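Peer 1: See final15.pdb below, with PDB, C-alpha atoms.
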```
MODEL        1
ATOM      1  CA  MET A  27      89.257 118.261  54.262
ATOM      2  CA  SER A  28      87.617 118.278  57.688
ATOM      3  CA  GLU A  29      87.236 121.493  59.668
ATOM      4  CA  ARG A  30      89.506 122.295  62.569
ATOM      5  CA  GLY A  31      87.996 121.906  66.036
ATOM      6  CA  VAL A  32      88.878 122.764  69.607
ATOM      7  CA  ALA A  33      90.568 119.888  71.413
ATOM      8  CA  PRO A  34      88.424 118.451  74.230
ATOM      9  CA  MET A  35      90.513 119.413  77.267
ATOM     10  CA  LEU A  36      89.432 118.866  80.846
ATOM     11  CA  HIS A  37      91.808 121.341  82.478
ATOM     12  CA  GLY A  38      95.276 122.646  81.686
ATOM     13  CA  GLU A  39      97.158 120.056  79.660
ATOM     14  CA  ILE A  40      94.802 117.220  80.609
ATOM     15  CA  PRO A  41      92.500 115.956  77.846
ATOM     16  CA  THR A  42      89.189 114.306  78.562
ATOM     17  CA  LEU A  43      89.192 110.513  78.768
ATOM     18  CA  PHE A  44      89.190 109.152  75.194
ATOM     19  CA  GLU A  45      88.689 112.790  74.142
ATOM     20  CA  ALA A  46      84.981 112.433  74.890
ATOM     21  CA  PRO A  47      83.008 115.669  75.343
ATOM     22  CA  HIS A  48      83.277 117.259  78.788
ATOM     23  CA  SER A  49      79.809 117.541  80.317
ATOM     24  CA  GLN A  50      77.702 117.084  83.464
ATOM     25  CA  ASP A  51      74.759 115.631  81.560
ATOM     26  CA  TYR A  52      74.243 112.398  83.480
ATOM     27  CA  THR A  53      71.520 111.125  81.167
ATOM     28  CA  LYS A  54      74.063 109.819  78.647
ATOM     29  CA  ASP A  55      74.856 106.137  78.127
ATOM     30  CA  ILE A  56      78.351 106.256  79.632
ATOM     31  CA  ILE A  57      79.644 108.713  82.201
ATOM     32  CA  LEU A  58      83.434 108.759  82.505
ATOM     33  CA  LEU A  59      84.791 110.227  85.696
ATOM     34  CA  GLY A  60      87.826 110.396  87.933
ATOM     35  CA  VAL A  61      87.832 110.000  91.700
ATOM     36  CA  PRO A  62      91.353 111.033  92.775
ATOM     37  CA  HIS A  63      90.907 109.824  96.347
ATOM     38  CA  GLU A  64      93.701 108.336  98.396
ATOM     39  CA  GLY A  65      92.746 107.644 101.978
ATOM     40  CA  ILE A  66      94.189 105.365 104.629
ATOM     41  CA  LEU A  67      97.640 104.082 103.737
ATOM     42  CA  VAL A  68      99.298 100.836 104.746
ATOM     43  CA  ALA A  69     102.598 101.778 106.371
ATOM     44  CA  ASP A  70     103.656  98.243 107.306
ATOM     45  CA  ARG A  71     102.045  94.966 108.316
ATOM     46  CA  HIS A  72     101.013  96.390 111.706
ATOM     47  CA  THR A  73     100.293 100.041 110.977
ATOM     48  CA  LEU A  74      97.784 102.145 109.051
ATOM     49  CA  TYR A  75      98.317 105.838 108.390
ATOM     50  CA  PRO A  76      95.361 108.278 108.293
ATOM     51  CA  PRO A  77      94.273 110.004 105.068
ATOM     52  CA  GLY A  78      96.548 112.815 103.986
ATOM     53  CA  SER A  79      99.648 111.469 105.705
ATOM     54  CA  ARG A  80     102.703 110.076 103.973
ATOM     55  CA  PRO A  81     104.696 107.283 105.618
ATOM     56  CA  PRO A  82     108.349 106.855 104.716
ATOM     57  CA  GLU A  83     108.257 105.437 101.218
ATOM     58  CA  THR A  84     109.217 101.774 100.916
ATOM     59  CA  PHE A  85     108.188  98.877  98.700
ATOM     60  CA  TYR A  86     105.527  98.152 101.334
ATOM     61  CA  ALA A  87     104.327 101.743 101.673
ATOM     62  CA  ARG A  88     103.600 103.265  98.285
ATOM     63  CA  PHE A  89     101.229 106.083  97.421
ATOM     64  CA  GLY A  90     100.164 108.363  94.554
ATOM     65  CA  ALA A  91      96.852 106.877  93.378
ATOM     66  CA  ASP A  92      95.283 110.325  93.649
ATOM     67  CA  LYS A  93      97.258 111.336  90.551
ATOM     68  CA  ALA A  94      95.977 108.422  88.467
ATOM     69  CA  PRO A  95      92.841 109.777  86.739
ATOM     70  CA  ASP A  96      94.589 112.580  84.880
ATOM     71  CA  ALA A  97      97.615 110.424  84.014
ATOM     72  CA  ILE A  98      95.337 107.804  82.461
ATOM     73  CA  ARG A  99      93.456 110.500  80.568
ATOM     74  CA  GLN A 100      96.703 111.666  78.987
ATOM     75  CA  ALA A 101      97.492 108.153  77.758
ATOM     76  CA  SER A 102      93.921 107.551  76.595
ATOM     77  CA  VAL A 103      94.302 109.777  73.524
ATOM     78  CA  ILE A 104      95.635 106.682  71.748
ATOM     79  CA  TYR A 105      92.036 105.408  71.978
ATOM     80  CA  SER A 106      90.508 108.764  71.083
ATOM     81  CA  LEU A 107      86.902 108.780  69.923
ATOM     82  CA  GLU A 108      88.067 111.488  67.530
ATOM     83  CA  HIS A 109      89.356 108.598  65.379
ATOM     84  CA  GLU A 110      86.205 108.621  63.216
ATOM     85  CA  GLY A 111      84.032 108.152  66.293
ATOM     86  CA  GLY A 112      86.029 105.242  67.669
ATOM     87  CA  ILE A 113      85.721 102.140  65.498
ATOM     88  CA  ALA A 114      85.911  99.123  67.821
ATOM     89  CA  ALA A 115      87.855  96.384  66.038
ATOM     90  CA  GLU A 116      87.060  93.936  68.860
ATOM     91  CA  VAL A 117      83.302  94.498  68.457
ATOM     92  CA  ASP A 118      82.849  93.844  64.735
ATOM     93  CA  PHE A 119      84.330  97.241  63.803
ATOM     94  CA  THR A 120      81.338  99.002  65.322
ATOM     95  CA  ASN A 121      81.455 102.804  65.475
ATOM     96  CA  ILE A 122      81.195 103.522  69.204
ATOM     97  CA  SER A 123      80.019 107.124  68.917
ATOM     98  CA  GLU A 124      77.170 106.154  66.599
ATOM     99  CA  ARG A 125      75.842 103.698  69.177
ATOM    100  CA  LEU A 126      76.604 105.320  72.537
ATOM    101  CA  LYS A 127      76.522 108.807  74.028
ATOM    102  CA  ILE A 128      79.676 109.209  76.107
ATOM    103  CA  ILE A 129      80.879 112.127  78.238
ATOM    104  CA  ASP A 130      83.727 112.839  80.651
ATOM    105  CA  ALA A 131      82.235 114.364  83.802
ATOM    106  CA  GLY A 132      85.614 115.355  85.251
ATOM    107  CA  ASN A 133      86.974 114.579  88.716
ATOM    108  CA  HIS A 134      84.867 114.164  91.849
ATOM    109  CA  THR A 135      85.165 113.534  95.557
ATOM    110  CA  LEU A 136      83.811 110.299  97.041
ATOM    111  CA  GLU A 137      80.599 112.093  97.993
ATOM    112  CA  GLY A 138      80.288 113.683  94.574
ATOM    113  CA  ALA A 139      80.886 110.351  92.844
ATOM    114  CA  GLU A 140      78.073 108.748  94.852
ATOM    115  CA  ASP A 141      75.687 111.491  93.751
ATOM    116  CA  VAL A 142      76.767 111.150  90.103
ATOM    117  CA  SER A 143      76.373 107.372  90.247
ATOM    118  CA  GLU A 144      72.870 107.673  91.677
ATOM    119  CA  GLN A 145      71.816 110.041  88.891
ATOM    120  CA  VAL A 146      73.385 107.821  86.237
ATOM    121  CA  GLY A 147      71.634 104.762  87.679
ATOM    122  CA  ARG A 148      68.252 106.479  87.470
ATOM    123  CA  SER A 149      68.837 107.252  83.794
ATOM    124  CA  ASP A 150      69.976 103.666  83.063
ATOM    125  CA  GLY A 151      73.505 104.662  82.129
ATOM    126  CA  ILE A 152      76.765 103.353  83.571
ATOM    127  CA  THR A 153      79.803 104.948  85.169
ATOM    128  CA  ILE A 154      83.363 104.136  84.104
ATOM    129  CA  THR A 155      85.608 105.447  86.835
ATOM    130  CA  LEU A 156      89.320 106.028  87.327
ATOM    131  CA  GLY A 157      90.441 105.884  90.967
ATOM    132  CA  GLY A 158      92.008 106.643  93.376
ATOM    133  CA  ASP A 159      92.520 103.865  95.848
ATOM    134  CA  HIS A 160      90.235 100.865  96.170
ATOM    135  CA  LEU A 161      87.739 102.616  98.429
ATOM    136  CA  VAL A 162      86.414 104.276  95.252
ATOM    137  CA  PRO A 163      83.880 101.524  94.311
ATOM    138  CA  LEU A 164      82.114 101.950  97.667
ATOM    139  CA  PRO A 165      80.341 105.256  96.835
ATOM    140  CA  LEU A 166      79.841 104.243  93.213
ATOM    141  CA  ILE A 167      77.991 101.037  94.092
ATOM    142  CA  ARG A 168      76.057 102.783  96.846
ATOM    143  CA  GLY A 169      74.919 105.445  94.399
ATOM    144  CA  LYS A 170      74.107 102.972  91.662
ATOM    145  CA  GLN A 171      71.960 100.874  93.996
ATOM    146  CA  LYS A 172      70.153 103.972  95.274
ATOM    147  CA  GLY A 173      69.419 105.098  91.708
ATOM    148  CA  LYS A 174      68.451 101.679  90.355
ATOM    149  CA  PRO A 175      68.174  98.964  93.019
ATOM    150  CA  GLU A 176      68.708  95.452  91.671
ATOM    151  CA  ARG A 177      70.506  92.233  92.428
ATOM    152  CA  LEU A 178      74.061  93.177  91.593
ATOM    153  CA  SER A 179      77.159  91.033  91.287
ATOM    154  CA  VAL A 180      80.567  92.576  91.843
ATOM    155  CA  LEU A 181      83.354  90.981  89.812
ATOM    156  CA  ILE A 182      86.627  92.002  91.426
ATOM    157  CA  PHE A 183      90.103  91.564  89.981
ATOM    158  CA  ASP A 184      92.552  91.911  92.851
ATOM    159  CA  SER A 185      95.550  90.205  94.388
ATOM    160  CA  HIS A 186      93.991  90.814  97.829
ATOM    161  CA  LEU A 187      90.578  89.948  99.286
ATOM    162  CA  ASP A 188      89.761  93.340 100.887
ATOM    163  CA  LEU A 189      87.274  91.708 103.279
ATOM    164  CA  HIS A 190      88.494  93.308 106.500
ATOM    165  CA  PRO A 191      85.683  94.329 108.878
ATOM    166  CA  SER A 192      87.245  97.680 109.833
ATOM    167  CA  PRO A 193      87.879 100.513 109.521
ATOM    168  CA  PRO A 194      84.741 100.756 107.346
ATOM    169  CA  LEU A 195      86.017 103.510 105.025
ATOM    170  CA  TRP A 196      89.258 101.917 103.927
ATOM    171  CA  ALA A 197      90.500 100.359 100.710
ATOM    172  CA  GLY A 198      90.697  96.999 102.479
ATOM    173  CA  SER A 199      87.183  96.820 103.918
ATOM    174  CA  GLN A 200      85.025  98.240 101.112
ATOM    175  CA  TRP A 201      83.336  94.928 100.238
ATOM    176  CA  ARG A 202      82.416  94.137 103.843
ATOM    177  CA  THR A 203      80.969  97.637 104.207
ATOM    178  CA  LEU A 204      78.817  97.237 101.089
ATOM    179  CA  ILE A 205      77.605  93.833 102.303
ATOM    180  CA  ASP A 206      76.854  95.141 105.806
ATOM    181  CA  GLU A 207      74.929  98.083 104.342
ATOM    182  CA  GLY A 208      72.809  95.705 102.245
ATOM    183  CA  TYR A 209      73.843  96.882  98.786
ATOM    184  CA  VAL A 210      75.454  93.590  97.747
ATOM    185  CA  ARG A 211      74.985  89.969  98.847
ATOM    186  CA  PRO A 212      78.186  88.131  99.777
ATOM    187  CA  GLU A 213      77.312  85.239  97.465
ATOM    188  CA  ASP A 214      77.214  87.741  94.572
ATOM    189  CA  ILE A 215      80.835  88.789  95.077
ATOM    190  CA  ILE A 216      83.497  87.172  92.880
ATOM    191  CA  ILE A 217      87.186  87.847  93.565
ATOM    192  CA  VAL A 218      89.608  86.820  90.832
ATOM    193  CA  GLY A 219      93.375  86.675  91.126
ATOM    194  CA  PRO A 220      94.432  86.597  94.804
ATOM    195  CA  ARG A 221      98.058  85.622  95.216
ATOM    196  CA  GLY A 222     100.971  86.129  97.575
ATOM    197  CA  VAL A 223     100.902  86.135 101.371
ATOM    198  CA  ARG A 224      99.273  89.492 102.144
ATOM    199  CA  GLN A 225      96.004  87.814 103.155
ATOM    200  CA  SER A 226      94.347  87.454 106.568
ATOM    201  CA  ASN A 227      92.739  84.412 108.160
ATOM    202  CA  HIS A 228      89.605  86.303 109.154
ATOM    203  CA  GLU A 229      89.056  87.411 105.537
ATOM    204  CA  ILE A 230      89.434  83.837 104.280
ATOM    205  CA  GLU A 231      87.063  82.511 106.953
ATOM    206  CA  TYR A 232      84.486  85.199 106.142
ATOM    207  CA  ALA A 233      84.617  84.347 102.427
ATOM    208  CA  ARG A 234      84.150  80.630 103.117
ATOM    209  CA  GLU A 235      81.327  81.129 105.609
ATOM    210  CA  HIS A 236      79.413  83.556 103.375
ATOM    211  CA  ASN A 237      79.930  81.862  99.999
ATOM    212  CA  VAL A 238      82.069  84.586  98.434
ATOM    213  CA  LEU A 239      83.524  83.079  95.257
ATOM    214  CA  ILE A 240      87.306  83.299  95.270
ATOM    215  CA  ILE A 241      89.263  82.279  92.180
ATOM    216  CA  PRO A 242      92.951  82.393  93.111
ATOM    217  CA  LEU A 243      95.669  82.678  90.531
ATOM    218  CA  ARG A 244      96.648  79.025  91.055
ATOM    219  CA  GLN A 245      93.209  77.895  89.858
ATOM    220  CA  ILE A 246      93.596  79.872  86.642
ATOM    221  CA  ASP A 247      97.035  78.332  86.130
ATOM    222  CA  ASP A 248      95.681  74.815  86.704
ATOM    223  CA  GLN A 249      92.396  75.038  84.793
ATOM    224  CA  GLY A 250      92.960  77.718  82.183
ATOM    225  CA  ILE A 251      90.771  80.705  81.359
ATOM    226  CA  SER A 252      87.831  78.920  79.711
ATOM    227  CA  PRO A 253      86.694  76.853  82.756
ATOM    228  CA  VAL A 254      87.130  79.899  84.989
ATOM    229  CA  CYS A 255      84.983  82.017  82.670
ATOM    230  CA  LYS A 256      82.291  79.329  82.797
ATOM    231  CA  GLN A 257      82.419  79.316  86.605
ATOM    232  CA  ILE A 258      82.010  83.096  86.682
ATOM    233  CA  ALA A 259      79.143  82.942  84.177
ATOM    234  CA  SER A 260      77.406  80.282  86.266
ATOM    235  CA  ARG A 261      77.555  82.480  89.368
ATOM    236  CA  LEU A 262      76.177  85.422  87.369
ATOM    237  CA  GLN A 263      73.029  83.546  86.316
ATOM    238  CA  SER A 264      71.170  84.736  89.436
ATOM    239  CA  VAL A 265      71.878  88.476  89.124
ATOM    240  CA  ASP A 266      70.568  91.372  87.052
ATOM    241  CA  SER A 267      73.894  92.999  86.200
ATOM    242  CA  VAL A 268      77.590  92.965  87.038
ATOM    243  CA  TYR A 269      79.778  95.761  88.352
ATOM    244  CA  ILE A 270      83.496  95.279  87.606
ATOM    245  CA  SER A 271      86.226  96.554  89.907
ATOM    246  CA  LEU A 272      89.847  96.192  88.833
ATOM    247  CA  ASP A 273      92.704  96.744  91.260
ATOM    248  CA  ILE A 274      95.732  97.145  88.997
ATOM    249  CA  ASP A 275      97.878  95.053  91.343
ATOM    250  CA  VAL A 276      96.184  91.945  89.961
ATOM    251  CA  VAL A 277      98.270  92.540  86.827
ATOM    252  CA  ASP A 278     101.806  91.204  86.598
ATOM    253  CA  PRO A 279     103.999  94.259  87.330
ATOM    254  CA  ASN A 280     106.030  93.451  84.244
ATOM    255  CA  PHE A 281     103.055  94.874  82.297
ATOM    256  CA  CYS A 282     102.317  97.647  84.795
ATOM    257  CA  PRO A 283     104.951  98.503  87.402
ATOM    258  CA  ALA A 284     102.949 101.522  88.578
ATOM    259  CA  GLN A 285     101.126  99.743  91.417
ATOM    260  CA  LYS A 286     100.643 100.778  95.024
ATOM    261  CA  TYR A 287     101.086  97.201  96.222
ATOM    262  CA  PRO A 288     103.056  95.328  93.547
ATOM    263  CA  ASP A 289     103.321  91.556  93.640
ATOM    264  CA  ALA A 290     105.246  89.527  91.068
ATOM    265  CA  ALA A 291     103.796  86.901  88.698
ATOM    266  CA  GLY A 292     100.262  88.214  88.280
ATOM    267  CA  LEU A 293      97.683  87.955  85.510
ATOM    268  CA  ASN A 294      98.452  89.169  82.029
ATOM    269  CA  PRO A 295      96.199  91.814  80.456
ATOM    270  CA  ARG A 296      94.699  89.534  77.813
ATOM    271  CA  GLU A 297      93.508  87.097  80.489
ATOM    272  CA  ILE A 298      91.714  89.910  82.304
ATOM    273  CA  LEU A 299      90.167  91.282  79.118
ATOM    274  CA  THR A 300      88.879  87.804  78.252
ATOM    275  CA  MET A 301      87.256  87.351  81.653
ATOM    276  CA  ILE A 302      85.642  90.803  81.502
ATOM    277  CA  ARG A 303      84.357  90.051  78.016
ATOM    278  CA  LYS A 304      82.857  86.684  78.932
ATOM    279  CA  ALA A 305      81.259  88.018  82.120
ATOM    280  CA  THR A 306      79.577  90.936  80.367
ATOM    281  CA  GLU A 307      78.308  88.665  77.600
ATOM    282  CA  THR A 308      76.404  86.822  80.356
ATOM    283  CA  VAL A 309      74.741  89.836  82.024
ATOM    284  CA  PRO A 310      74.840  93.597  81.357
ATOM    285  CA  ILE A 311      77.591  95.703  82.872
ATOM    286  CA  SER A 312      76.382  98.279  85.404
ATOM    287  CA  GLY A 313      79.671 100.021  86.125
ATOM    288  CA  PHE A 314      83.456  99.757  86.108
ATOM    289  CA  ASP A 315      86.330 101.162  88.093
ATOM    290  CA  LEU A 316      90.102 100.857  87.977
ATOM    291  CA  CYS A 317      92.033 101.607  91.156
ATOM    292  CA  CYS A 318      95.434 101.676  92.870
ATOM    293  CA  PHE A 319      97.369 102.841  89.817
ATOM    294  CA  SER A 320     100.183 105.180  90.873
ATOM    295  CA  PRO A 321     101.749 107.136  87.997
ATOM    296  CA  ARG A 322     104.779 108.091  90.109
ATOM    297  CA  TYR A 323     106.044 104.541  89.458
ATOM    298  CA  ASP A 324     105.023 104.342  85.810
ATOM    299  CA  GLU A 325     107.614 103.735  83.117
ATOM    300  CA  GLY A 326     107.045 105.267  79.721
ATOM    301  CA  GLN A 327     103.311 105.633  80.472
ATOM    302  CA  ARG A 328     102.805 101.944  79.663
ATOM    303  CA  GLY A 329     100.818 101.407  82.843
ATOM    304  CA  ALA A 330      98.580 104.389  82.060
ATOM    305  CA  LEU A 331      98.038 103.058  78.542
ATOM    306  CA  LEU A 332      97.032  99.653  79.922
ATOM    307  CA  ALA A 333      94.643 101.279  82.400
ATOM    308  CA  ALA A 334      93.008 103.190  79.550
ATOM    309  CA  ARG A 335      92.628  99.949  77.584
ATOM    310  CA  PHE A 336      90.839  98.309  80.502
ATOM    311  CA  ALA A 337      88.446 101.273  80.666
ATOM    312  CA  LEU A 338      87.857 100.964  76.919
ATOM    313  CA  GLU A 339      86.832  97.333  77.453
ATOM    314  CA  ALA A 340      84.073  98.562  79.772
ATOM    315  CA  ILE A 341      82.757 100.692  76.909
ATOM    316  CA  TYR A 342      82.836  97.615  74.698
ATOM    317  CA  ALA A 343      80.879  95.710  77.355
ATOM    318  CA  ARG A 344      78.109  98.309  77.315
ATOM    319  CA  LEU A 345      78.167  98.329  73.533
ATOM    320  CA  ARG A 346      77.514  94.577  73.393
ATOM    321  CA  HIS A 347      74.291  95.022  75.342
TER     322      HIS A 347
ENDMDL
END
```
I'd like the structure from this file rewritten - as structure tokens, please.
Peer 2:
Amino acid sequence: MSERGVAPMLHGEIPTLFEAPHSQDYTKDIILLGVPHEGILVADRHTLYPPGSRPPETFYARFGADKAPDAIRQASVIYSLEHEGGIAAEVDFTNISERLKIIDAGNHTLEGAEDVSEQVGRSDGITITLGGDHLVPLPLIRGKQKGKPERLSVLIFDSHLDLHPSPPLWAGSQWRTLIDEGYVRPEDIIIVGPRGVRQSNHEIEYAREHNVLIIPLRQIDDQGISPVCKQIASRLQSVDSVYISLDIDVVDPNFCPAQKYPDAAGLNPREILTMIRKATETVPISGFDLCCFSPRYDEGQRGALLAARFALEAIYARLRH
């Protein structure tokens, strides 16, 4: 009979992600963290609201991504590393804890996350981050490139392009800001899954002029996953590593209704997992984030469970390398 132990709790009733040890030792292989930031909100097609405000709630104006990290942690116990160290069935039944040192570093501000990411980059680890809105990858990629500069691809799963030029600190302009600051080349950005009509002409023109690779949902429908994975792998041949950013609204809301900006008929989870897997078999993963999950709209925690499974796939990606 095994001995009793103290449950790994982050605070109050919130467990650590995957029940990993809580620590600020950023020399480990994988640093799990939350960034419960929600900044500028889209009130309607003409109006942005400043951080901290709350527009009248409609289907167009949703909020609550700042509550996501702890909600996902609660659901993540189903993937607890306390299950004999976490035996990964999808990776030849490898024991995760025997191969990787993993900690949950708790929740951080944008500025704190950038500092953590820089330290992790210097020690050759990776961050797996729960947002927050989609501004969250901005400080993480900044920090990573400060800690370990390299040619980095960003593989983005999103139903929107997020290539607006302004305001610079907004979850709709984060990729342009990173390009303008010199941390990422536009030709090393891959955006998978755009759909619907919430796109802008200037974003489309920028992507075409600067060789951003866009793989809309229609292309996946027409070609299937395998050719798309090969196209992604081909684009990754020129880079050192890939950072993966997943906006949960790329997922069909039937699988996850808890989205800030839901749009019907999206990707299914297995398609996304396959593309992540194939991409990180091509080059090493350097980081992962999941954003725009809003637990206030979750039903039976199924969205939180799916978010945790996506984060687990990032662990698998590091394990494979």
Peer 1: Do you have the CA of Phe119 (chain A)-CA of Ile104 (chain A) distance handy?
Peer 2: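 Answer for the CA of Phe119 (chain A) to CA of Ile104 (chain A) separation: 16.7 Å.
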Peer 1: Record the distance separating CA of Arg344 (chain A) and CA of Pro41 (chain A), expressed in Å with one decimal.
Peer 2: 22.8 Å
Peer 1: Residues within 7 Å of Gly313 (chain A), please, as number ranges by chain. Count all atoms listed in the file; anything in the same chain fewer than 2 positions from it doesn't count.
Peer 2: A: 152-154, 269-270, 311
Peer 1: Once you add 3 Å to each side, what are the centre and edge lengths of the axis-aligned box holding all listed atoms of region 150-165 of chain A? One decimal in Å, as AutoDock Vina command-line options, if you can.
Peer 2:
```
--center_x 81.2 --center_y 103.8 --center_z 90.3 --size_x 28.5 --size_y 11.8 --size_z 22.3
```
Peer 1: Taking only C-alpha atoms into account, name the residue in A:Val223, A:Val268, A:Leu293, A:Ala33 that is nearest to Ala340 (chain A).
Peer 2: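 Closest candidate: A:Val268.
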Peer 1: Would you list the residues near (103.0, 102.6, 84.1) (no more than 10 Å away, in the coordinates of the file, using all atoms listed in the file) as a PyMOL selection string?
Peer 2: chain A and resi 97-98+279-285+319-333
Peer 1: Would you put the residues from that selection into a file with C-alpha atoms, as an mmCIF file, keeping the file's coordinate frame?
Peer 2:
```cif
data_model
loop_
_atom_site.group_PDB
_atom_site.id
_atom_site.type_symbol
_atom_site.label_atom_id
_atom_site.label_comp_id
_atom_site.auth_asym_id
_atom_site.auth_seq_id
_atom_site.Cartn_x
_atom_site.Cartn_y
_atom_site.Cartn_z
ATOM 1 C CA ALA A 97 97.615 110.424 84.014
ATOM 2 C CA ILE A 98 95.337 107.804 82.461
ATOM 3 C CA PRO A 279 103.999 94.259 87.330
ATOM 4 C CA ASN A 280 106.030 93.451 84.244
ATOM 5 C CA PHE A 281 103.055 94.874 82.297
ATOM 6 C CA CYS A 282 102.317 97.647 84.795
ATOM 7 C CA PRO A 283 104.951 98.503 87.402
ATOM 8 C CA ALA A 284 102.949 101.522 88.578
ATOM 9 C CA GLN A 285 101.126 99.743 91.417
ATOM 10 C CA PHE A 319 97.369 102.841 89.817
ATOM 11 C CA SER A 320 100.183 105.180 90.873
ATOM 12 C CA PRO A 321 101.749 107.136 87.997
ATOM 13 C CA ARG A 322 104.779 108.091 90.109
ATOM 14 C CA TYR A 323 106.044 104.541 89.458
ATOM 15 C CA ASP A 324 105.023 104.342 85.810
ATOM 16 C CA GLU A 325 107.614 103.735 83.117
ATOM 17 C CA GLY A 326 107.045 105.267 79.721
ATOM 18 C CA GLN A 327 103.311 105.633 80.472
ATOM 19 C CA ARG A 328 102.805 101.944 79.663
ATOM 20 C CA GLY A 329 100.818 101.407 82.843
ATOM 21 C CA ALA A 330 98.580 104.389 82.060
ATOM 22 C CA LEU A 331 98.038 103.058 78.542
ATOM 23 C CA LEU A 332 97.032 99.653 79.922
ATOM 24 C CA ALA A 333 94.643 101.279 82.400
#
```
